[in-house]
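Novice: Before anything else, here's the structure in question.
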Amino acid sequence: MDILRLTNEPLSLESISKEVGSDDCGAISSFCGTTRNSFEDRQVVRLEYEAYEEMAVSEMKKICGALREKWSLKHIAIYHRLGVVPVGESSIIIAISSCHRRDSLEAVAHAIDALKARVPIWKREVYAEGGGAEWKQNAECHWRQKAKGS
Amino acid sequence: MDILRLTNEPLSLESISKEVGSDDCGAISSFCGTTRNSFEDRQVVRLEYEAYEEMAVSEMKKICGALREKWSLKHIAIYHRLGVVPVGESSIIIAISSCHRRDSLEAVAHAIDALKARVPIWKREVYAEGGGAEWKQNAECHWRQKAKGS
Amino acid sequence: MPAAADVTLLLFAKARELVGSPQVSVSVPTECSGAELRELLVQTYPQLATLQGTFILAVNQRYLEADESVTIRRGDEVAVIPPISGA
Amino acid sequence: MPAAADVTLLLFAKARELVGSPQVSVSVPTECSGAELRELLVQTYPQLATLQGTFILAVNQRYLEADESVTIRRGDEVAVIPPISGA
């Protein structure tokens, strides 16, 4: 089962972890991305996220398909938060269950990389003290890399 | 900060994750090992764990030292449950925070491997329907591997 | 004149800010490449010029590579996608 | 007779079940290798024979390799450690 959600609500690692839990699997690996309080010496007040929602979910489904081709996984949950995400709170939680830990550990690392490369979600970083705001770009964005290479 | 605990109480991924969270770090990776309901076609009723507690904590500290030599980590939490762990509940939670995700993702994978190889904790698997109980052995136990090699 | 189709153009993040709207209607050729379509959109919306070279397009929620050809029909959804920054 | 010391012997998991106690007092040589100490403990507690070849020892909470020499003092803590199965 793939559980893919875009939500404006705070994310709960406990409940997402329980969603992927299964009595016949012994491993749950997860990754939690949170809002940091600074970026290159500038104080971050909050992040604001927006998404091309339908396409984001579609791209997440493709990621799940690719993960399942490579690893033996039970459940995959990918939750991305939209709207304002204050400092210290989670913008992304990925949790994956498997019978053997290697599968879910490797799959989680791959999932976050793939999400940062392909899922159409954008982050605006808002700074303190009149420092303004800025749309960010993932280093992993899959066409930024192509542009660099050409 | 290293948070190392052996406890007979249920483990909470949410609260352990919060313990390692930090406003200046954007990544928390975690691993959760749970009691599976079967082992090689036998139905497992529960697991029972015991530890050489002082040495277990000492070995966990060594693991943390090794992790910090290789990766840039903020906080490391390793919680292992002792006593009875029913099916579906967690026996181990490892959560690690870092500024960059690669560090905590790789460190968690390494931590669980190192724990299974070196930390003196033992698991007794109790089976259903008069199937008895059995002390288990990790494939990763560091001297089982040496014995095989010689 | 090659055939054209009226489509919905979705704009996100910086693109939305530059154009001043999250979506507009626009006429595009029914047969073209990603690069051609991108060029045409910048001509139609010069405000996107500062993003040129960094944005990519999606047609009906599917990424369109610069060297890829696509058939577009009336009512299709085209999206301007600036470099992503999810998670 | 080489010098001897009385130590606390801790027993865990299967070893505890075999010997029937979590800890006992035992006299061991003050200088020996891991292999020698293990051999002596199996002689002292034949119940451990079924674990021979699979257990390792720890002295004062530190693993003792078979080919490693150790100095043991009165009151030290020696542990019989069957193959581990944590997590």
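We label chains A, B, ... in the order they appear in the structure tokens, count residues from 1 in each chain, and number ligands from 1 in the order shown.
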With a cut-off of 9 Å, could you pull out the residues of chain B touching chain D and give me the nearest pair of atoms for each, distance in Å to one decimal, using only C-alpha atoms, ordered by chain and ascending number, as a Markdown table?
Specialist:
```
| residue | atom | partner | partner_atom | distance |
| --- | --- | --- | --- | --- |
| B:Gly33 | CA | D:Ala87 | CA | 6.3 |
| B:Thr34 | CA | D:Ala87 | CA | 8.3 |
| B:Tyr49 | CA | D:Gly86 | CA | 7.6 |
| B:Glu50 | CA | D:Ala13 | CA | 7.1 |
| B:Ala51 | CA | D:Phe12 | CA | 7.7 |
| B:Tyr52 | CA | D:Phe12 | CA | 7.4 |
| B:Glu54 | CA | D:Gln61 | CA | 7.3 |
| B:Met55 | CA | D:Gln61 | CA | 4.9 |
| B:Ala56 | CA | D:Gln61 | CA | 8.5 |
| B:Ser58 | CA | D:Gln61 | CA | 7.7 |
| B:Glu59 | CA | D:Arg62 | CA | 8.6 |
| B:His80 | CA | D:Ala87 | CA | 7.0 |
| B:Arg81 | CA | D:Ala87 | CA | 8.4 |
| B:Ser90 | CA | D:Ala87 | CA | 9.0 |
| B:Ser91 | CA | D:Ala87 | CA | 6.0 |
| B:Ile92 | CA | D:Ala87 | CA | 5.4 |
| B:Ile93 | CA | D:Ala87 | CA | 8.7 |
| B:Ile112 | CA | D:Ala87 | CA | 7.9 |
| B:Leu115 | CA | D:Gly86 | CA | 7.2 |
| B:Lys116 | CA | D:Gly86 | CA | 5.7 |
| B:Ala117 | CA | D:Ile84 | CA | 7.6 |
| B:Arg118 | CA | D:Ile84 | CA | 7.6 |
| B:Val119 | CA | D:Gly86 | CA | 6.9 |
| B:Pro120 | CA | D:Ile84 | CA | 5.7 |
| B:Ile121 | CA | D:Gly86 | CA | 4.5 |
| B:Trp122 | CA | D:Ser85 | CA | 4.6 |
| B:Lys123 | CA | D:Ser85 | CA | 5.3 |
| B:Arg124 | CA | D:Ala13 | CA | 8.1 |
| B:Trp135 | CA | D:Lys14 | CA | 6.8 |
| B:Lys136 | CA | D:Ser85 | CA | 5.7 |
| B:Gln137 | CA | D:Ser85 | CA | 4.8 |
| B:Asn138 | CA | D:Ser85 | CA | 4.7 |
| B:Ala139 | CA | D:Ser85 | CA | 8.5 |
| B:Glu140 | CA | D:Ile84 | CA | 8.7 |
| B:Cys141 | CA | D:Ile84 | CA | 5.9 |
| B:His142 | CA | D:Pro83 | CA | 8.6 |
| B:Trp143 | CA | D:Ile56 | CA | 7.5 |
| B:Arg144 | CA | D:Thr54 | CA | 6.9 |
| B:Ala147 | CA | D:Gly53 | CA | 7.8 |
```
Novice: Go ahead and save the residues from that selection, with C-alpha atoms, as a short mmCIF file (atom, residue, chain, number, x, y, z; two decimals), in the first residue's frame.
Specialist:
```
data_model
loop_
_atom_site.label_atom_id
_atom_site.label_comp_id
_atom_site.auth_asym_id
_atom_site.auth_seq_id
_atom_site.Cartn_x
_atom_site.Cartn_y
_atom_site.Cartn_z
CA GLY B 33 12.53 -2.65 14.78
CA THR B 34 9.28 -4.37 15.69
CA TYR B 49 14.67 -9.41 25.74
CA GLU B 50 17.41 -9.33 28.35
CA ALA B 51 20.68 -7.38 28.44
CA TYR B 52 24.03 -7.08 30.15
CA GLU B 54 26.02 -1.76 31.90
CA MET B 55 28.01 -3.25 29.04
CA ALA B 56 25.20 -2.70 26.56
CA SER B 58 28.98 1.08 27.16
CA GLU B 59 28.98 -0.59 23.74
CA HIS B 80 16.26 -0.70 23.24
CA ARG B 81 13.34 -2.27 25.00
CA SER B 90 8.97 -1.76 18.92
CA SER B 91 12.03 -3.36 20.46
CA ILE B 92 14.50 -0.79 19.08
CA ILE B 93 14.32 2.81 17.97
CA ILE B 112 21.62 -0.75 13.65
CA LEU B 115 24.23 -2.73 17.50
CA LYS B 116 23.31 -6.16 16.17
CA ALA B 117 27.00 -7.03 15.93
CA ARG B 118 28.28 -5.85 19.31
CA VAL B 119 25.71 -4.88 21.92
CA PRO B 120 25.10 -7.67 24.51
CA ILE B 121 21.33 -7.99 24.34
CA TRP B 122 19.52 -11.30 23.85
CA LYS B 123 16.14 -12.21 22.38
CA ARG B 124 13.99 -15.20 23.29
CA TRP B 135 17.15 -17.98 22.16
CA LYS B 136 18.02 -16.31 18.87
CA GLN B 137 21.39 -15.42 17.35
CA ASN B 138 22.09 -12.42 15.14
CA ALA B 139 23.80 -13.28 11.88
CA GLU B 140 25.79 -10.10 12.52
CA CYS B 141 27.09 -11.17 15.97
CA HIS B 142 30.74 -10.21 15.62
CA TRP B 143 32.22 -13.43 16.96
CA ARG B 144 29.81 -15.77 15.16
CA ALA B 147 33.96 -18.54 14.09
#
```
Novice: Taking 6 positions as the minimum chain separation for residues in the same chain, which residues sit within 8 Å of Val7 (chain D) when counting only C-alpha atoms? Answer as a PyMOL selection string.
Specialist: chain D and resi 25-28+73-78
Novice: Could you find all residues in region 7-149 of chain A that DSSP calls alpha helix (DSSP H) from the backbone, and write them as a PyMOL selection string?
Specialist: chain A and resi 13-20+53-70+101-118+142-149
Novice: Hey, can you spit out that residue selection with N, CA and C atoms as a compact mmCIF listing (two decimals), in the first residue's frame?
Specialist:
```txt
# COMPACT_ATOMS: atom_id res chain seq x y z
N LEU A 13 4.97 11.91 13.05
CA LEU A 13 5.81 10.75 12.74
C LEU A 13 5.22 9.47 13.34
N GLU A 14 4.69 9.59 14.54
CA GLU A 14 4.11 8.42 15.22
C GLU A 14 2.96 7.82 14.42
N SER A 15 2.03 8.67 14.01
CA SER A 15 0.86 8.12 13.34
C SER A 15 1.20 7.66 11.92
N ILE A 16 2.13 8.34 11.26
CA ILE A 16 2.54 7.90 9.91
C ILE A 16 3.26 6.56 10.03
N SER A 17 4.11 6.44 11.03
CA SER A 17 4.83 5.19 11.28
C SER A 17 3.85 4.05 11.55
N LYS A 18 2.80 4.33 12.32
CA LYS A 18 1.79 3.31 12.62
C LYS A 18 1.04 2.90 11.35
N GLU A 19 0.85 3.85 10.44
CA GLU A 19 0.15 3.54 9.19
C GLU A 19 0.92 2.51 8.36
N VAL A 20 2.25 2.58 8.39
CA VAL A 20 3.02 1.63 7.59
C VAL A 20 3.36 0.36 8.37
N GLU A 53 -0.40 20.12 -7.17
CA GLU A 53 -0.82 19.00 -6.34
C GLU A 53 -1.07 17.71 -7.10
N GLU A 54 -1.84 17.80 -8.17
CA GLU A 54 -2.16 16.56 -8.89
C GLU A 54 -0.90 15.91 -9.45
N MET A 55 -0.02 16.73 -10.01
CA MET A 55 1.19 16.18 -10.60
C MET A 55 2.16 15.69 -9.52
N ALA A 56 2.18 16.40 -8.38
CA ALA A 56 3.05 15.97 -7.27
C ALA A 56 2.67 14.56 -6.83
N VAL A 57 1.38 14.31 -6.65
CA VAL A 57 0.94 12.98 -6.23
C VAL A 57 1.26 11.95 -7.31
N SER A 58 1.07 12.34 -8.55
CA SER A 58 1.38 11.45 -9.67
C SER A 58 2.86 11.07 -9.70
N GLU A 59 3.72 12.07 -9.49
CA GLU A 59 5.17 11.81 -9.48
C GLU A 59 5.57 10.96 -8.27
N MET A 60 4.90 11.17 -7.14
CA MET A 60 5.16 10.36 -5.96
C MET A 60 4.79 8.90 -6.23
N LYS A 61 3.69 8.69 -6.94
CA LYS A 61 3.29 7.32 -7.29
C LYS A 61 4.36 6.64 -8.14
N LYS A 62 4.93 7.42 -9.06
CA LYS A 62 6.00 6.85 -9.89
C LYS A 62 7.20 6.48 -9.03
N ILE A 63 7.52 7.33 -8.07
CA ILE A 63 8.64 7.03 -7.16
C ILE A 63 8.37 5.72 -6.43
N CYS A 64 7.15 5.55 -5.93
CA CYS A 64 6.81 4.30 -5.22
C CYS A 64 6.97 3.10 -6.13
N GLY A 65 6.54 3.22 -7.37
CA GLY A 65 6.69 2.13 -8.32
C GLY A 65 8.15 1.76 -8.52
N ALA A 66 9.00 2.78 -8.64
CA ALA A 66 10.43 2.55 -8.82
C ALA A 66 11.04 1.91 -7.58
N LEU A 67 10.61 2.35 -6.39
CA LEU A 67 11.12 1.77 -5.14
C LEU A 67 10.76 0.29 -5.08
N ARG A 68 9.51 -0.04 -5.42
CA ARG A 68 9.06 -1.42 -5.30
C ARG A 68 9.72 -2.33 -6.33
N GLU A 69 10.20 -1.75 -7.42
CA GLU A 69 10.93 -2.57 -8.38
C GLU A 69 12.28 -3.01 -7.83
N LYS A 70 12.84 -2.16 -6.96
CA LYS A 70 14.19 -2.44 -6.50
C LYS A 70 14.26 -3.10 -5.13
N ARG A 101 15.50 -5.00 7.25
CA ARG A 101 15.77 -3.58 7.42
C ARG A 101 16.50 -2.95 6.24
N ARG A 102 17.41 -3.69 5.60
CA ARG A 102 18.18 -3.13 4.50
C ARG A 102 17.25 -2.54 3.44
N ASP A 103 16.15 -3.24 3.15
CA ASP A 103 15.22 -2.79 2.13
C ASP A 103 14.63 -1.41 2.44
N SER A 104 14.07 -1.28 3.64
CA SER A 104 13.42 0.01 3.95
C SER A 104 14.44 1.11 4.19
N LEU A 105 15.60 0.78 4.75
CA LEU A 105 16.63 1.81 4.97
C LEU A 105 17.09 2.40 3.64
N GLU A 106 17.38 1.53 2.68
CA GLU A 106 17.85 2.01 1.38
C GLU A 106 16.72 2.72 0.61
N ALA A 107 15.52 2.18 0.73
CA ALA A 107 14.40 2.77 -0.01
C ALA A 107 14.08 4.19 0.46
N VAL A 108 14.17 4.43 1.78
CA VAL A 108 13.90 5.77 2.29
C VAL A 108 14.91 6.77 1.74
N ALA A 109 16.19 6.40 1.74
CA ALA A 109 17.23 7.30 1.22
C ALA A 109 16.96 7.62 -0.25
N HIS A 110 16.56 6.60 -0.99
CA HIS A 110 16.28 6.78 -2.41
C HIS A 110 15.04 7.65 -2.62
N ALA A 111 14.03 7.44 -1.79
CA ALA A 111 12.77 8.17 -1.93
C ALA A 111 12.96 9.67 -1.75
N ILE A 112 13.72 10.06 -0.74
CA ILE A 112 13.89 11.49 -0.50
C ILE A 112 14.70 12.12 -1.65
N ASP A 113 15.71 11.40 -2.16
CA ASP A 113 16.46 11.90 -3.31
C ASP A 113 15.55 12.08 -4.52
N ALA A 114 14.73 11.07 -4.79
CA ALA A 114 13.86 11.12 -5.96
C ALA A 114 12.82 12.22 -5.84
N LEU A 115 12.30 12.40 -4.63
CA LEU A 115 11.30 13.45 -4.41
C LEU A 115 11.91 14.83 -4.68
N LYS A 116 13.12 15.05 -4.17
CA LYS A 116 13.77 16.35 -4.37
C LYS A 116 14.13 16.59 -5.83
N ALA A 117 14.26 15.51 -6.60
CA ALA A 117 14.62 15.63 -8.01
C ALA A 117 13.41 15.86 -8.91
N ARG A 118 12.25 15.27 -8.57
CA ARG A 118 11.18 15.21 -9.55
C ARG A 118 9.80 15.71 -9.13
N HIS A 142 15.89 17.69 -11.35
CA HIS A 142 16.46 16.86 -12.41
C HIS A 142 16.78 17.61 -13.70
N TRP A 143 16.15 18.80 -13.94
CA TRP A 143 16.55 19.53 -15.13
C TRP A 143 17.61 20.58 -14.83
N ARG A 144 17.76 20.99 -13.59
CA ARG A 144 18.89 21.86 -13.25
C ARG A 144 20.19 21.14 -13.53
N GLN A 145 20.19 19.85 -13.21
CA GLN A 145 21.40 19.07 -13.42
C GLN A 145 21.72 18.92 -14.91
N LYS A 146 20.65 18.73 -15.69
CA LYS A 146 20.86 18.63 -17.14
C LYS A 146 21.41 19.94 -17.69
N ALA A 147 20.83 21.06 -17.24
CA ALA A 147 21.29 22.37 -17.71
C ALA A 147 22.76 22.57 -17.40
N LYS A 148 23.17 22.13 -16.17
CA LYS A 148 24.58 22.28 -15.80
C LYS A 148 25.47 21.46 -16.72
N GLY A 149 24.98 20.26 -17.06
CA GLY A 149 25.79 19.35 -17.87
C GLY A 149 25.94 19.79 -19.32
```
Novice: Hey, could you make a per-residue contact list for chain B against chain A with 6 Å as the cut-off, showing the nearest pair of atoms and its distance in Å to one decimal, counting only C-alpha atoms, sorted by chain and number, as JSON lines?
Specialist:
```
{"residue": "B:Leu13", "atom": "CA", "partner": "A:Glu14", "partner_atom": "CA", "distance": 5.7}
{"residue": "B:Glu14", "atom": "CA", "partner": "A:Glu14", "partner_atom": "CA", "distance": 5.0}
{"residue": "B:Asp23", "atom": "CA", "partner": "A:Gly88", "partner_atom": "CA", "distance": 4.9}
{"residue": "B:Asp24", "atom": "CA", "partner": "A:Arg36", "partner_atom": "CA", "distance": 5.0}
{"residue": "B:Cys25", "atom": "CA", "partner": "A:Arg36", "partner_atom": "CA", "distance": 5.6}
{"residue": "B:Gly26", "atom": "CA", "partner": "A:Thr34", "partner_atom": "CA", "distance": 4.6}
{"residue": "B:Ala27", "atom": "CA", "partner": "A:Gly33", "partner_atom": "CA", "distance": 4.8}
{"residue": "B:Ile28", "atom": "CA", "partner": "A:Cys32", "partner_atom": "CA", "distance": 5.0}
{"residue": "B:Ser29", "atom": "CA", "partner": "A:Phe31", "partner_atom": "CA", "distance": 4.5}
{"residue": "B:Ser30", "atom": "CA", "partner": "A:Ser30", "partner_atom": "CA", "distance": 5.2}
{"residue": "B:Phe31", "atom": "CA", "partner": "A:Ser29", "partner_atom": "CA", "distance": 4.5}
{"residue": "B:Cys32", "atom": "CA", "partner": "A:Ile28", "partner_atom": "CA", "distance": 5.0}
{"residue": "B:Gly33", "atom": "CA", "partner": "A:Ala27", "partner_atom": "CA", "distance": 4.8}
{"residue": "B:Thr34", "atom": "CA", "partner": "A:Gly26", "partner_atom": "CA", "distance": 4.6}
{"residue": "B:Thr35", "atom": "CA", "partner": "A:Gly26", "partner_atom": "CA", "distance": 5.8}
{"residue": "B:Arg36", "atom": "CA", "partner": "A:Asp24", "partner_atom": "CA", "distance": 5.0}
{"residue": "B:Asn37", "atom": "CA", "partner": "A:Asp24", "partner_atom": "CA", "distance": 5.4}
{"residue": "B:Gly88", "atom": "CA", "partner": "A:Asp23", "partner_atom": "CA", "distance": 4.9}
```
Novice: Show me, as a PyMOL selection string, the residues that have an atom within 8 Å of Pro86 (chain B) when counting only C-alpha atoms, minus same-chain residues fewer than 5 positions from it.
Specialist: chain B and resi 35+45-47
Novice: Could you tell me, as an MDAnalysis selection string, which residues of region 17-74 of chain D DSSP assigns to strand (DSSP E) when given the backbone?
Specialist: chainID D and resid 23:29 31:33 56:59 62:64 69:71
Novice: Find the residues around Val70 (chain C) up to 7 Å (only C-alpha atoms counted), leave out those fewer than 5 positions away in its own chain, and share them as a list in words.
Specialist: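 That gives Glu31, Cys32 and Ser33 of chain C.
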Novice: Which residues, written as a list in words, have at least one atom at most 8 Å from Val42 (chain D), with only C-alpha atoms counted and residues fewer than 6 positions away on the same chain left out?
Specialist: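 Contacts, in chain order: Leu48, Ala49 and Gln52 of chain D.
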Novice: Using only C-alpha atoms, determine which residues lie at most 6 Å from Gly34 (chain D), disregarding the query and same-chain residues fewer than 5 positions distant; provide the list as a ChimeraX atom specification.
Specialist: /D:64-66,68
Novice: Write to file, as a compact mmCIF listing (two decimals), in the first residue's frame, the residues of the selection just made, with all heavy atoms.
Specialist:
```
# COMPACT_ATOMS: atom_id res chain seq x y z
N LEU D 64 36.61 -9.90 25.50
CA LEU D 64 37.94 -10.50 25.58
C LEU D 64 38.07 -11.48 24.41
O LEU D 64 37.35 -12.48 24.32
CB LEU D 64 38.09 -11.26 26.91
CG LEU D 64 39.40 -12.02 27.13
CD1 LEU D 64 40.57 -11.06 27.16
CD2 LEU D 64 39.31 -12.81 28.42
N GLU D 65 38.99 -11.19 23.49
CA GLU D 65 39.19 -12.07 22.35
C GLU D 65 39.92 -13.36 22.79
O GLU D 65 40.64 -13.35 23.80
CB GLU D 65 40.04 -11.38 21.27
CG GLU D 65 39.43 -10.11 20.72
CD GLU D 65 38.18 -10.38 19.88
OE1 GLU D 65 38.01 -11.51 19.39
OE2 GLU D 65 37.37 -9.43 19.72
N ALA D 66 39.75 -14.42 22.03
CA ALA D 66 40.33 -15.70 22.39
C ALA D 66 41.86 -15.64 22.53
O ALA D 66 42.45 -16.22 23.43
CB ALA D 66 39.95 -16.77 21.35
N GLU D 68 43.62 -12.99 23.22
CA GLU D 68 44.02 -11.81 23.97
C GLU D 68 44.38 -12.21 25.40
O GLU D 68 43.68 -13.04 26.00
CB GLU D 68 42.85 -10.82 23.96
CG GLU D 68 43.14 -9.45 24.47
CD GLU D 68 41.89 -8.57 24.48
OE1 GLU D 68 40.88 -8.94 23.83
OE2 GLU D 68 41.91 -7.53 25.14
```
